[in-house]
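Right, one structure below, let's go through it.
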Amino acid sequence: MIGRFLLRRLRGSLLVLFGVSAITFVLARVVPSNPALAYLGAKATPEQAEQVRHTLGLDRPLPVQYAKYLGGVFRGDWGTSIGTKRPVLDEITGRLPSTLELVGSAMAIALVSGVVLGVAAAYRPGRLADHAIRVTSIAGVSLPAFWLGLLLQLFAFGWLNVLPPTGETSSDLPYVSPIRHITGMNLLDSLLTANWTALSDVAAHLVLPAVTLAAYPMGAIARMTRATMLETLAQDHIRVARAYGVPERTVRWRIALRNALPPTATVVGLTAAYGLTGAFFVEVVFDRPGLGRYAASSLLSLDYPAIMGITLLGAVAYVLVNLVVDLTQARLDPRVRLT
Amino acid sequence: MTALVRDRLALFGLVVIALLVLAALLAPWLAPYPAQGAGAADVAARNLAPSGAHPLGTDGLGRDVLSRIVYGARPALYVPLLVVGLAVLIGVPLGLVAGYRGGRTGEVIMRVCDMFLAFPPLLLAMAIVALLGPSLANACLALAVSWWPWYTRLVQGLAASLRERPFVEGARALGLPDWVIMGRHILPNAASPILVQATVDIGTVVLAAASLAFLGLGTQPPAADWGLMISDGRVDIFAHWWISAFPGLAIFLTVLACNLVGDALRDIFDPRSAATAKRAARRSREPVAKPAKSAKPADALADAPIDAPVEITAKRTRDAPLLEIENLRVAIGDAVRVREVNLTVRPGEIVGIVGESGCGKTLTALSVIGMLPPGATAAGSIRLHGRTLLGGDLRRVRGREIAMIFQSPATSFDPVTTIGRQLRRVIRLRHGLSRAAALELADDTLKAVGLDAARVLGAYPHELSGGMLQRAMIAMALACRPDLVIADEPTVALDVTVAKEIRSLLRSLQAEYGFGVLYITHNLGEVRELCDRVHVLYAGEVVETGPVPEVLDRPAHPYTKALLAALPDAARAGDRLAAIPGAVPARPDTVEGCVFADRCDHAMEACRTAPVLRADPDAAGEDRASACHLKGVPA
């Protein structure tokens with residue numbers, strides 16, 4: 001059953017990715033700006049431009065170009081980045097671990113704090129704590145991440161001077177205690193290689209960006225948890241559990257929370273997918289060499305192969321996250337059938 | 001209080017939005033340095049900290065930050081309005097067509113829509129604006145292109161459900177053209193969800209537009225824009241924090257305001273969800289019976305710890321009552337719902353409480369286990385084995401000495417946990433057994449109620465029928481080895497044959513295990529089938545009580561007689577079923593005289609004074625009593 005589900009989903013996902021790549025491709029080709037000029041720089045002669053147009057295949061009909069691009073995408077050739085003159089796919093895969101680590105840590109923080117706040121708010125609905133938590137969670141989804149990041153830098157470095165403001169590691173770390181890379185994720189690799197100096201250095205650099213990125217999902221998760229907790233607590237089976245002497249703590253943290261998890265999982269997935277975009281800003285603010293900073297500079301320099309690659313990656317991430325959410329739903333809620 | 005706080009938050013949001021609109025419209029008059037707000041530099045006054053002349057300081061080009069923020073309100077207002085406006089203009093008609101017309105066109109629209117929804121809107125907007133070239137106009141266009149599918153999906157769902165509604169079908173039957181139906185009947189009904197969505201989206205777009213500007217993809221200098229200002233101040237954040245901090249605050253407050261107003265609108269336009277939330281809020285507080293001030297002084301045993309085995313051997317003799325309810329009075333707020341109810345259950349006895357909905361049957365039962373709804377108070381005395389229950393902490397009585405079986409088996413079990421785990425949880429709490437031992441007891445008990453234990457243990461509630469679930473519920477009660485089982489209309493949700501099986505199961509288990517049963521029902525037929533004694537409850541009062549055969553064969557109260565006449569098996573074929581005219585009084589405590597007089601065929605002058613429940617002189621047996629001025633109801 002699960003095999004058929006995955007097959008169906010794969011088909012649907014391919015259609016979506018096809019559409020996404022088509023949209024960006026058409027945009028990249030029909031826009032007035034000239035990619036050949038972007039490639040050569042402003043001082044190119046018309047002859048050079050014509051030469052590049054031909055080399056890049058820009059003089060051929062649009063559908064042919066698209067078919068060629070799509071074929072390349074499947075073969076692992078996502079084009080050459082105009083900015084760095086390196087393959088786009090290499091640029092992306094080299095930077096992905098850092099971004100994944102950031103988004104992963106942020107989601108972990110958001111999940112734990114969001115669920116705890118949501119359950120706490122549902123304890124005494126309408127009371128002060130509930131209102132405080134609700135305002136906090138609405139604030140969480142209203143904060144511009146890049147601004148929150150700056151404020152946290154001001155606070156933790158400018159005033160308290162307890163955490164480093166920017167960067168992924170201290171500049172002297174490669175000399176003091178270099179990280180041997182296995183996965184490409186600094187935190188995980190220093191943990192795996194028992195490099196404690198590096199671990200604490202990397203963690204200190206990760207705290208502020210992760211907290212910054214966690215604000216939005218934290219707010220969204222807290223709101224959803226609160227709503228579904230209240231809905232669950234009004235159900236008959238909760239009354240039955242209480243009538244059988246099940247302690248209130250178990251009723252809330254085990255039974256009601258367990259029931260509130262499936263809808264919460266949806267929000268977690270959605271915000272994790274958005275987290276990739278959020279990471280763009282956080283990485284710029286905290287000067288972290290991840291995918292986001294590459295994306296930001298590509299966007300500004302009209303590095304269209306890079307832009308298309310990043311957009312495609314965003315769509316792939318979104319499709320994958322949705323798949324994981326659906327599989328999780330089916331595990332969490334026995335009534336959900338995978339179709 | 002809650003409503004007030006809620007309104008206050010929404011009010012705060014409205015005030016912020018009003019300030020934003022004012023600032024945008026009156027920028028040249030409000031800004032202390034209008035020229036700088038529009039972009040003019042004043043190099044001499046660079047990076048000044050907040051002061052009297054510049055309340056929020058100046059930026060790297062010496063421009064007054066406050067003036068820049070005031071001017072920045074303009075894009076912060078018109079960009080979201082433009083973007084959301086465009087998104088609504090594109091998305092809503094497409095959604096209407098896709099939802100109302102459906103068909104091939106609808107299919108195509110929704111496929112395209114799904115494609116756009118397949119990645120984060122901000123990412124799409126960033127890609128589009130980067131490819132089109134950074135500018136505010138392109139940013140607006142890109143954002144609108146990224147946002148319309150959300151409206152299409154929203155409206156498509158609404159339109160698809162509205163098209164089946166009678167008023168729309170009626171309009172179709174009248175031959176109105178589709179566009180008239182969509183415009184006149186569908187759109188107005190979809191307007192409020194669209195408005196809620198748009199309010200929240202305006203906030204989101206403020207955030208998104210600021211993000212684009214921050215990256216350099218939106219508003220271009222020297223125009224004022226909050227996102228751009230944050231970006232300008234970023235390099236120097238530790239030296240000149242005010243350049244970034246204040247514009248960010250403006251963004252934050254604007255988005256917060258939109259979210260708060262959006263939340264409040266949702267509550268106003270979707271009263272169903274608001275009401276559910278409030279009901280949920282009320283019900284989620286753990287109910288604990290609060291003894292009313294008028295409660296009788298607690299009896300001598302009240303101080304004993306609830307768990308202490310108080311002279312159990314002495315108390316559990318055949319005649320000592322298991323459950324004694326004396327003068328129970330339950331009020332919700334100031335409305336008295338149950339009045340002076342007296343009732344005893346002896347060990348091994350099945351005692352029925354019968355009456356229509358709203359007669360106080362369930363309130364009586366819930367006050368025994370101390371689970372009255374919040375706001376309800378109980379007074380009087382309830383004793384189990386002579387120990388006072390009312391007002392005590394009953395958590396250690398529930399699921400131990402008293403087990404309750406509820407009305408609807410389908411919702412009585414946690415839907416995401418197997419029956420086995422739920423049984424085991426209760427068993428381990430009750431008996432403190434190991435996992436394995438608890439599983440064994442669960443297995444045995446399920447077999448005792450006639451279920452296929454192996455299958456039911458691993459099953460989720462939705463995989464079992466109502467009858468099987470109610471058997472499992474009975475197994476849960478039985479596994480607690482209770483002295484008293486309270487069954488609150490346990491068969492009302494089941495079909496007739498299954499219901500009969502459940503009742504006979506209850507009867508045989510009771511005979512085997514010897515627990516007492518308090519059986520609540522609205523059906524005298526069930527009482528005849530199952531109970532030893534019965535209390536007929538009307539409007540919160542016991543109007544008649546006695547051994548079942550006597551009460552049912554020789555009812556002394558007109559209400560009992562009416563209930564009997566309403567039984568389907570009492571009526572001979574061809575007879576009309578006798579419904580009782582009228583309804584239970586909404587506030588029985590305000591009725592003067594007999595509470596049943598309004599609906600009674602035999603009402604007379606004497607009924608203006610309330611009759612008291614007194615032993616029936618004509619009937620044999622000490623338990624026989626009724627509350628009626630008539631001596632025996634004429635046949």
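Naming works like this for the structure tokens: A, B, ... for the chains as they're shown, residue 1 at the start of each chain, ligands 1 onward in shown order.
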
Tell me, which residues of segment 335-402 of chain B carry DSSP alpha helix (DSSP H), written as a ChimeraX atom specification? /B:361-368

What lies within 8 Å of Ala295 of chain A using only C-alpha atoms, ignoring chain neighbours under 2 positions off, as a PDB file with N, CA and C atoms, in the first residue's frame?
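The resulting file, selection-v6.pdb, is reproduced below:
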ATOM      1  N   PHE A 280      17.651  32.227   4.321  1.00  0.00           N
ATOM      2  CA  PHE A 280      18.333  33.176   3.450  1.00  0.00           C
ATOM      3  C   PHE A 280      18.680  34.438   4.237  1.00  0.00           C
ATOM      4  N   LEU A 291      23.588  28.208   2.062  1.00  0.00           N
ATOM      5  CA  LEU A 291      22.883  28.340   0.807  1.00  0.00           C
ATOM      6  C   LEU A 291      22.226  29.709   0.677  1.00  0.00           C
ATOM      7  N   GLY A 292      21.730  30.219   1.793  1.00  0.00           N
ATOM      8  CA  GLY A 292      20.972  31.458   1.777  1.00  0.00           C
ATOM      9  C   GLY A 292      21.804  32.630   1.295  1.00  0.00           C
ATOM     10  N   ARG A 293      23.044  32.703   1.776  1.00  0.00           N
ATOM     11  CA  ARG A 293      23.868  33.833   1.384  1.00  0.00           C
ATOM     12  C   ARG A 293      24.203  33.740  -0.102  1.00  0.00           C
ATOM     13  N   SER A 297      23.103  36.542  -2.927  1.00  0.00           N
ATOM     14  CA  SER A 297      23.998  37.223  -3.865  1.00  0.00           C
ATOM     15  C   SER A 297      23.641  36.865  -5.304  1.00  0.00           C
ATOM     16  N   SER A 298      23.171  35.615  -5.536  1.00  0.00           N
ATOM     17  CA  SER A 298      22.752  35.241  -6.890  1.00  0.00           C
ATOM     18  C   SER A 298      21.549  36.053  -7.333  1.00  0.00           C
ATOM     19  N   LEU A 299      20.618  36.255  -6.403  1.00  0.00           N
ATOM     20  CA  LEU A 299      19.417  37.007  -6.741  1.00  0.00           C
ATOM     21  C   LEU A 299      19.784  38.419  -7.171  1.00  0.00           C
ATOM     22  N   ALA A 306      21.856  29.940 -11.152  1.00  0.00           N
ATOM     23  CA  ALA A 306      21.806  29.737  -9.710  1.00  0.00           C
ATOM     24  C   ALA A 306      20.396  29.970  -9.184  1.00  0.00           C
ATOM     25  N   ILE A 307      19.740  31.019  -9.661  1.00  0.00           N
ATOM     26  CA  ILE A 307      18.376  31.310  -9.193  1.00  0.00           C
ATOM     27  C   ILE A 307      17.451  30.142  -9.516  1.00  0.00           C
ATOM     28  N   ILE A 310      18.246  27.203  -7.236  1.00  0.00           N
ATOM     29  CA  ILE A 310      17.794  27.382  -5.857  1.00  0.00           C
ATOM     30  C   ILE A 310      16.279  27.252  -5.766  1.00  0.00           C
TER      31      ILE A 310
END

Inset, instruction - Please identify all polymer residues within 9 Å of segment 496-512 of chain B, counting only C-alpha atoms, omitting same-chain residues fewer than 2 positions from it, and present them as a PyMOL selection string. - result: chain B and resi 348-350+448-450+466-467+470-471+474+478+490-494+514-517+526+529-531

Only C-alpha atoms, please: the residues just picked out, written as a CSV table (one decimal), in the first residue's frame.
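Once written, selection.csv looks like this:
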chain,number,residue,atom,x,y,z
B,348,GLY,CA,-25.4,-6.1,44.2
B,349,GLU,CA,-28.4,-4.1,43.3
B,350,ILE,CA,-29.3,-2.5,40.1
B,448,ALA,CA,-15.3,-12.0,30.0
B,449,VAL,CA,-17.4,-9.4,28.0
B,450,GLY,CA,-17.5,-11.7,25.0
B,466,GLY,CA,-20.4,0.6,18.5
B,467,GLY,CA,-21.5,-2.6,20.2
B,470,GLN,CA,-19.4,-0.6,24.5
B,471,ARG,CA,-18.4,-4.1,25.5
B,474,ILE,CA,-17.7,-2.4,30.1
B,478,LEU,CA,-15.1,-4.5,35.1
B,490,PRO,CA,-25.1,3.0,27.9
B,491,THR,CA,-27.2,1.6,25.1
B,492,VAL,CA,-28.8,4.8,23.7
B,493,ALA,CA,-26.4,5.0,20.8
B,494,LEU,CA,-26.7,1.3,19.8
B,514,GLY,CA,-21.7,-8.6,42.6
B,515,PHE,CA,-21.2,-4.9,42.1
B,516,GLY,CA,-24.0,-2.4,42.5
B,517,VAL,CA,-25.2,-0.6,39.4
B,526,GLU,CA,-34.9,-1.0,29.9
B,529,GLU,CA,-35.5,-5.5,31.8
B,530,LEU,CA,-32.7,-4.7,34.1
B,531,CYS,CA,-33.4,-2.9,37.4

Checklist line | Atom-to-atom span, atom CA of Gly57 of chain A and atom CA of Ala125 of chain B, Å | finding: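 If I compute the distance from atom CA of Gly57 of chain A to atom CA of Ala125 of chain B, I get 26.7 Å.
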
Give me, as an MDAnalysis selection string, all polymer residues having an atom no more than 8 Å from Leu143 of chain A, counting only C-alpha atoms and skipping those fewer than 5 positions away in the same chain. (chainID A and resid 148 215:216) or (chainID B and resid 251:252 255:256)

Could you save the residues just selected, with C-alpha atoms, as a compact mmCIF listing (two decimals), in the first residue's frame?
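Saved to result.txt:
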# COMPACT_ATOMS: atom_id res chain seq x y z
CA LEU A 148 15.14 39.93 15.26
CA ALA A 215 10.59 32.51 16.16
CA TYR A 216 8.14 32.05 13.32
CA ILE B 251 7.33 46.50 10.71
CA PHE B 252 6.77 44.31 13.74
CA VAL B 255 2.32 42.90 11.12
CA LEU B 256 1.27 42.22 14.71

For chain B, the closest of A:Thr197, A:Thr228, A:Thr328, A:Thr80 counting only C-alpha atoms is A:Thr228

Could you give me, as a PDB file with N, CA and C atoms, in the first residue's frame, the residues within 7 Å of segment 117-133 of chain A, counting only C-alpha atoms and dropping anything in the same chain fewer than 2 positions from it?
ATOM      1  N   SER A 113       9.686  24.340  22.165  1.00  0.00           N
ATOM      2  CA  SER A 113       9.108  25.491  22.856  1.00  0.00           C
ATOM      3  C   SER A 113       7.669  25.724  22.410  1.00  0.00           C
ATOM      4  N   GLY A 114       7.381  25.510  21.143  1.00  0.00           N
ATOM      5  CA  GLY A 114       6.020  25.726  20.654  1.00  0.00           C
ATOM      6  C   GLY A 114       5.029  24.780  21.299  1.00  0.00           C
ATOM      7  N   VAL A 115       5.394  23.507  21.396  1.00  0.00           N
ATOM      8  CA  VAL A 115       4.478  22.534  21.980  1.00  0.00           C
ATOM      9  C   VAL A 115       4.280  22.819  23.469  1.00  0.00           C
ATOM     10  N   VAL A 135      -0.191  36.116  22.873  1.00  0.00           N
ATOM     11  CA  VAL A 135       0.441  37.321  22.331  1.00  0.00           C
ATOM     12  C   VAL A 135       1.867  36.990  21.891  1.00  0.00           C
ATOM     13  N   THR A 136       2.572  36.182  22.705  1.00  0.00           N
ATOM     14  CA  THR A 136       3.930  35.783  22.335  1.00  0.00           C
ATOM     15  C   THR A 136       3.946  35.052  21.005  1.00  0.00           C
ATOM     16  N   SER A 137       2.984  34.134  20.824  1.00  0.00           N
ATOM     17  CA  SER A 137       3.032  33.350  19.597  1.00  0.00           C
ATOM     18  C   SER A 137       2.619  34.190  18.389  1.00  0.00           C
ATOM     19  N   ALA A 222       2.906  26.853  18.448  1.00  0.00           N
ATOM     20  CA  ALA A 222       2.212  27.106  19.719  1.00  0.00           C
ATOM     21  C   ALA A 222       0.726  27.365  19.484  1.00  0.00           C
ATOM     22  N   ARG A 223       0.413  28.144  18.449  1.00  0.00           N
ATOM     23  CA  ARG A 223      -1.003  28.455  18.183  1.00  0.00           C
ATOM     24  C   ARG A 223      -1.770  27.192  17.816  1.00  0.00           C
ATOM     25  N   THR A 225      -0.949  24.047  18.475  1.00  0.00           N
ATOM     26  CA  THR A 225      -1.021  23.119  19.603  1.00  0.00           C
ATOM     27  C   THR A 225      -2.113  23.553  20.574  1.00  0.00           C
ATOM     28  N   ARG A 226      -2.159  24.835  20.863  1.00  0.00           N
ATOM     29  CA  ARG A 226      -3.181  25.325  21.787  1.00  0.00           C
ATOM     30  C   ARG A 226      -4.590  25.006  21.260  1.00  0.00           C
ATOM     31  N   MET A 229      -5.263  21.253  21.292  1.00  0.00           N
ATOM     32  CA  MET A 229      -5.366  20.767  22.667  1.00  0.00           C
ATOM     33  C   MET A 229      -6.751  21.085  23.225  1.00  0.00           C
ATOM     34  N   LEU A 230      -7.219  22.311  23.017  1.00  0.00           N
ATOM     35  CA  LEU A 230      -8.524  22.696  23.543  1.00  0.00           C
ATOM     36  C   LEU A 230      -9.621  21.850  22.900  1.00  0.00           C
TER      37      LEU A 230
ATOM     38  N   THR B   2     -12.554  37.841  29.320  1.00  0.00           N
ATOM     39  CA  THR B   2     -11.836  37.331  28.154  1.00  0.00           C
ATOM     40  C   THR B   2     -12.158  38.179  26.928  1.00  0.00           C
ATOM     41  N   ALA B 281     -13.006  25.764  26.034  1.00  0.00           N
ATOM     42  CA  ALA B 281     -12.337  26.379  27.167  1.00  0.00           C
ATOM     43  C   ALA B 281     -13.068  26.024  28.457  1.00  0.00           C
ATOM     44  N   ARG B 285     -11.418  22.757  31.644  1.00  0.00           N
ATOM     45  CA  ARG B 285     -11.011  22.852  33.047  1.00  0.00           C
ATOM     46  C   ARG B 285     -11.458  21.606  33.769  1.00  0.00           C
TER      47      ARG B 285
END

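Interatomic distance, atom CA of Leu58 of chain A to atom CA of Met115 of chain B: 26.2 Å.
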
Note to self: Which residues are near Ala442 of chain B? Cut-off 12 Å, only C-alpha atoms, ignore same chain within fewer than 4 positions. Put them as an NGL selection string.
What the structure shows: :B and (419-428 or 431 or 433 or 435-438 or 446-449 or 451-454 or 456-458 or 472-480)

Quiz item: Just asking: which residues within segment 371-494 of chain B are strand (DSSP E) according to DSSP, as a list in words?
Solution: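 Assigned to strand (DSSP E), within segment 371-494 of chain B: Ala376, Thr377, Ala378, Ala379, Gly380, Ser381, Ile382, Arg383, Leu384, Arg387, Thr388, Ile402, Ala403, Met404, Ile405, Leu484, Val485, Ile486, Ala487 and Asp488 of chain B.
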
Do a neighbour search on His535 of chain B at 7 Å with only C-alpha atoms, toss out local chain neighbours closer than 2 positions, and write the hits as a ChimeraX atom specification.
/B:352-354,537,542,544-546

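When only C-alpha atoms are used to compute distances to Gly269 of chain A, the closest of the residues A:Pro217, A:Gly184, A:Pro289, A:Pro305 turns out to be A:Pro217.
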
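Using only C-alpha atoms for every distance, the candidate list A:Ile138, A:Ala210, A:Leu173, A:Leu62 yields A:Ile138 as the residue closest to chain B.
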
- Query: Out of A:Met185, A:Val202, A:Leu150, A:Leu213, which residue has the shortest atom-to-atom distance to Ser231 of chain B when counting only C-alpha atoms?
  - Reply: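 Among the listed residues, A:Leu150 lies closest to Ser231 of chain B.
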
Here atom CA of Thr232 of chain A and atom CA of Leu261 of chain A stand apart by 10.6 Å
